[in-house]
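Chemist: Structure below; questions to follow.
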Amino acid sequence: MNQDQLLHLSSTSLFLAFWVYAISLLFYVAHAIYPEYAAAQVGTAEAGGSLALGSGQEPMFSRARFGVTATTMAYLGYALMSVGLGMRWAAQGYWPVANAFEAPLAFSWMIVTVYLIAEARMRTRIVGWATFLIVLGLSGYSLFDFGSGSTVIDPLRPALQSNWLRVHVGMAMLSYSFFALGGALSLTYL
């Protein structure tokens, strides 16, 4: 593939990832506000006063289904964002964090990485809505304000032509991602 094709596919993948993240946010919000006790209302009372499930199936709308769907969409968006950033990296030859279009996208990718690991470790999805609100804000800012930059490659400035770019920016994004997750936890707590 030539550079223009890689940039076009990268841009398409990044925009698709944004919209998949938006759908994921809607499901995380539904997961957060759907009542937990709704699953117990599915059953019917038997003569002995115990509660037996009517059909043995989970209801069509449940907090668990909203959560699983939200996480599935988050992984799909994460894969699309990873492919988009990877193609951009391949097209330009350096890590895509050097300008105002690339840096918020890479930062939102890192936030989702930290969040998905935390979600798997903590086994809770309640903070997903706040996390993806931050992710959509960052990636939306980049894609819709600097969207014309999605098919343009700027040469890397001489000051940034160093291996320290990867180390410095990588550690900064990782630490800011933990900060964003902490902010999302605080917002959820409030």
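Labels for the structure tokens follow display order: chains A, B, ..., residues from 1 in each chain, ligands from 1.
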Please identify all polymer residues within 12 Å of A:Ala98, counting only C-alpha atoms, omitting same-chain residues fewer than 6 positions from it, and present them as a VMD selection string.
Modeler: chain A and resid 88 to 89 92 104 to 107 153 to 162 165 to 166 169 to 170
Chemist: Please identify all polymer residues within 8 Å of A:Ser150, counting only C-alpha atoms, omitting same-chain residues fewer than 4 positions from it, and present them as a PyMOL selection string.
Modeler: chain A and resi 7-8+10-11+101+143+146
Chemist: For A:Ala118, find every residue with an atom within 12 Å (counting only C-alpha atoms), except residues of its own chain fewer than 5 positions away, and show them as a list in words.
Modeler: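 That gives Ile111, Val112, Thr113, Arg123, Thr124, Arg125, Ile126, Val127, Gly128, Thr131, Ser177, Phe178, Leu181, Gly182 and Leu185 of chain A.
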Chemist: Run DSSP on the backbone of this structure and report the residues of chain A it assigns to alpha helix (DSSP H), as a PyMOL selection string.
Modeler: chain A and resi 3-33+63-92+102-122+128-145+164-189
Chemist: Hey, which of A:Trp129, A:Leu14, A:Leu116, A:Gln5 ends up closest to A:His31? Count only C-alpha atoms.
Modeler: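 Checking each candidate against A:His31, we get A:Trp129 as the closest.
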Chemist: Between atom CA of A:Thr69 and atom CA of A:Ala103, what is the distance in Å, rounded to a tenth?
Modeler: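 Distance reported for this atom pair: 28.2 Å.
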Chemist: Can you pull out every residue within 12 Å of A:Arg65, counting only C-alpha atoms, but drop anything in the same chain fewer than 3 positions away, and send it as a PDB file with N, CA, C and O atoms, in the first residue's frame?
Modeler:
ATOM      1  N   PHE A  27     -24.242   2.524  25.836  1.00  0.00           N
ATOM      2  CA  PHE A  27     -24.485   1.284  26.570  1.00  0.00           C
ATOM      3  C   PHE A  27     -23.915   1.345  27.986  1.00  0.00           C
ATOM      4  O   PHE A  27     -24.497   0.778  28.911  1.00  0.00           O
ATOM      5  N   TYR A  28     -22.777   2.041  28.165  1.00  0.00           N
ATOM      6  CA  TYR A  28     -22.250   2.212  29.523  1.00  0.00           C
ATOM      7  C   TYR A  28     -23.198   3.063  30.369  1.00  0.00           C
ATOM      8  O   TYR A  28     -23.380   2.797  31.553  1.00  0.00           O
ATOM      9  N   ALA A  30     -26.469   3.248  29.906  1.00  0.00           N
ATOM     10  CA  ALA A  30     -27.613   2.369  30.191  1.00  0.00           C
ATOM     11  C   ALA A  30     -27.260   1.384  31.302  1.00  0.00           C
ATOM     12  O   ALA A  30     -28.077   1.118  32.185  1.00  0.00           O
ATOM     13  N   HIS A  31     -26.040   0.867  31.280  1.00  0.00           N
ATOM     14  CA  HIS A  31     -25.596  -0.050  32.334  1.00  0.00           C
ATOM     15  C   HIS A  31     -25.574   0.652  33.695  1.00  0.00           C
ATOM     16  O   HIS A  31     -25.945   0.061  34.707  1.00  0.00           O
ATOM     17  N   ALA A  32     -25.162   1.891  33.704  1.00  0.00           N
ATOM     18  CA  ALA A  32     -25.041   2.623  34.970  1.00  0.00           C
ATOM     19  C   ALA A  32     -26.400   2.999  35.551  1.00  0.00           C
ATOM     20  O   ALA A  32     -26.566   3.008  36.771  1.00  0.00           O
ATOM     21  N   TYR A  34     -29.540   1.583  34.666  1.00  0.00           N
ATOM     22  CA  TYR A  34     -30.573   0.543  34.694  1.00  0.00           C
ATOM     23  C   TYR A  34     -30.630  -0.071  36.088  1.00  0.00           C
ATOM     24  O   TYR A  34     -29.604  -0.408  36.667  1.00  0.00           O
ATOM     25  N   GLU A  36     -30.721  -2.438  39.204  1.00  0.00           N
ATOM     26  CA  GLU A  36     -30.149  -3.772  39.453  1.00  0.00           C
ATOM     27  C   GLU A  36     -31.234  -4.792  39.767  1.00  0.00           C
ATOM     28  O   GLU A  36     -31.129  -5.944  39.412  1.00  0.00           O
ATOM     29  N   ALA A  39     -33.868  -7.657  37.299  1.00  0.00           N
ATOM     30  CA  ALA A  39     -33.769  -9.064  36.941  1.00  0.00           C
ATOM     31  C   ALA A  39     -34.632  -9.924  37.856  1.00  0.00           C
ATOM     32  O   ALA A  39     -35.135 -10.967  37.458  1.00  0.00           O
ATOM     33  N   GLU A  58     -32.644 -14.904  30.391  1.00  0.00           N
ATOM     34  CA  GLU A  58     -32.410 -13.544  30.866  1.00  0.00           C
ATOM     35  C   GLU A  58     -33.299 -12.597  30.063  1.00  0.00           C
ATOM     36  O   GLU A  58     -33.539 -12.819  28.881  1.00  0.00           O
ATOM     37  N   PRO A  59     -33.837 -11.548  30.684  1.00  0.00           N
ATOM     38  CA  PRO A  59     -34.698 -10.618  29.932  1.00  0.00           C
ATOM     39  C   PRO A  59     -33.920  -9.908  28.826  1.00  0.00           C
ATOM     40  O   PRO A  59     -32.696  -9.843  28.840  1.00  0.00           O
ATOM     41  N   MET A  60     -34.665  -9.384  27.886  1.00  0.00           N
ATOM     42  CA  MET A  60     -34.044  -8.710  26.746  1.00  0.00           C
ATOM     43  C   MET A  60     -33.223  -7.504  27.187  1.00  0.00           C
ATOM     44  O   MET A  60     -32.130  -7.269  26.674  1.00  0.00           O
ATOM     45  N   PHE A  61     -33.732  -6.732  28.127  1.00  0.00           N
ATOM     46  CA  PHE A  61     -33.014  -5.585  28.653  1.00  0.00           C
ATOM     47  C   PHE A  61     -32.618  -5.891  30.091  1.00  0.00           C
ATOM     48  O   PHE A  61     -33.471  -6.088  30.941  1.00  0.00           O
ATOM     49  N   SER A  62     -31.337  -5.922  30.337  1.00  0.00           N
ATOM     50  CA  SER A  62     -30.849  -6.129  31.698  1.00  0.00           C
ATOM     51  C   SER A  62     -29.538  -5.376  31.851  1.00  0.00           C
ATOM     52  O   SER A  62     -28.853  -5.067  30.867  1.00  0.00           O
ATOM     53  N   VAL A  68     -22.200  -5.978  29.066  1.00  0.00           N
ATOM     54  CA  VAL A  68     -21.446  -6.827  28.130  1.00  0.00           C
ATOM     55  C   VAL A  68     -21.403  -6.180  26.748  1.00  0.00           C
ATOM     56  O   VAL A  68     -20.362  -6.177  26.077  1.00  0.00           O
ATOM     57  N   THR A  69     -22.516  -5.614  26.317  1.00  0.00           N
ATOM     58  CA  THR A  69     -22.551  -4.947  25.014  1.00  0.00           C
ATOM     59  C   THR A  69     -21.629  -3.730  25.005  1.00  0.00           C
ATOM     60  O   THR A  69     -20.910  -3.494  24.029  1.00  0.00           O
ATOM     61  N   ALA A  70     -21.632  -2.973  26.092  1.00  0.00           N
ATOM     62  CA  ALA A  70     -20.754  -1.801  26.179  1.00  0.00           C
ATOM     63  C   ALA A  70     -19.291  -2.212  26.099  1.00  0.00           C
ATOM     64  O   ALA A  70     -18.509  -1.593  25.364  1.00  0.00           O
ATOM     65  N   THR A  71     -18.925  -3.255  26.821  1.00  0.00           N
ATOM     66  CA  THR A  71     -17.534  -3.711  26.804  1.00  0.00           C
ATOM     67  C   THR A  71     -17.150  -4.263  25.434  1.00  0.00           C
ATOM     68  O   THR A  71     -16.054  -4.008  24.937  1.00  0.00           O
ATOM     69  N   THR A  72     -18.056  -4.987  24.809  1.00  0.00           N
ATOM     70  CA  THR A  72     -17.792  -5.513  23.470  1.00  0.00           C
ATOM     71  C   THR A  72     -17.573  -4.374  22.485  1.00  0.00           C
ATOM     72  O   THR A  72     -16.630  -4.417  21.674  1.00  0.00           O
ATOM     73  N   ARG A 125     -18.075  -2.327  35.635  1.00  0.00           N
ATOM     74  CA  ARG A 125     -18.179  -1.457  34.465  1.00  0.00           C
ATOM     75  C   ARG A 125     -18.781  -0.103  34.812  1.00  0.00           C
ATOM     76  O   ARG A 125     -19.082   0.673  33.933  1.00  0.00           O
TER      77      ARG A 125
END
Chemist: Using only C-alpha atoms, find the one residue out of A:Met171, A:Val97, A:Leu138, A:Met110 that sits nearest to A:Ser82.
Modeler: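 Answer, going by the shortest atom-to-atom distance: A:Met110.
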Chemist: Name the residues of chain A that fall into strand (DSSP E) according to DSSP on the backbone, using the chain letters and numbers of this document, as a PyMOL selection string.
Modeler: chain A and resi 44-45+51-52
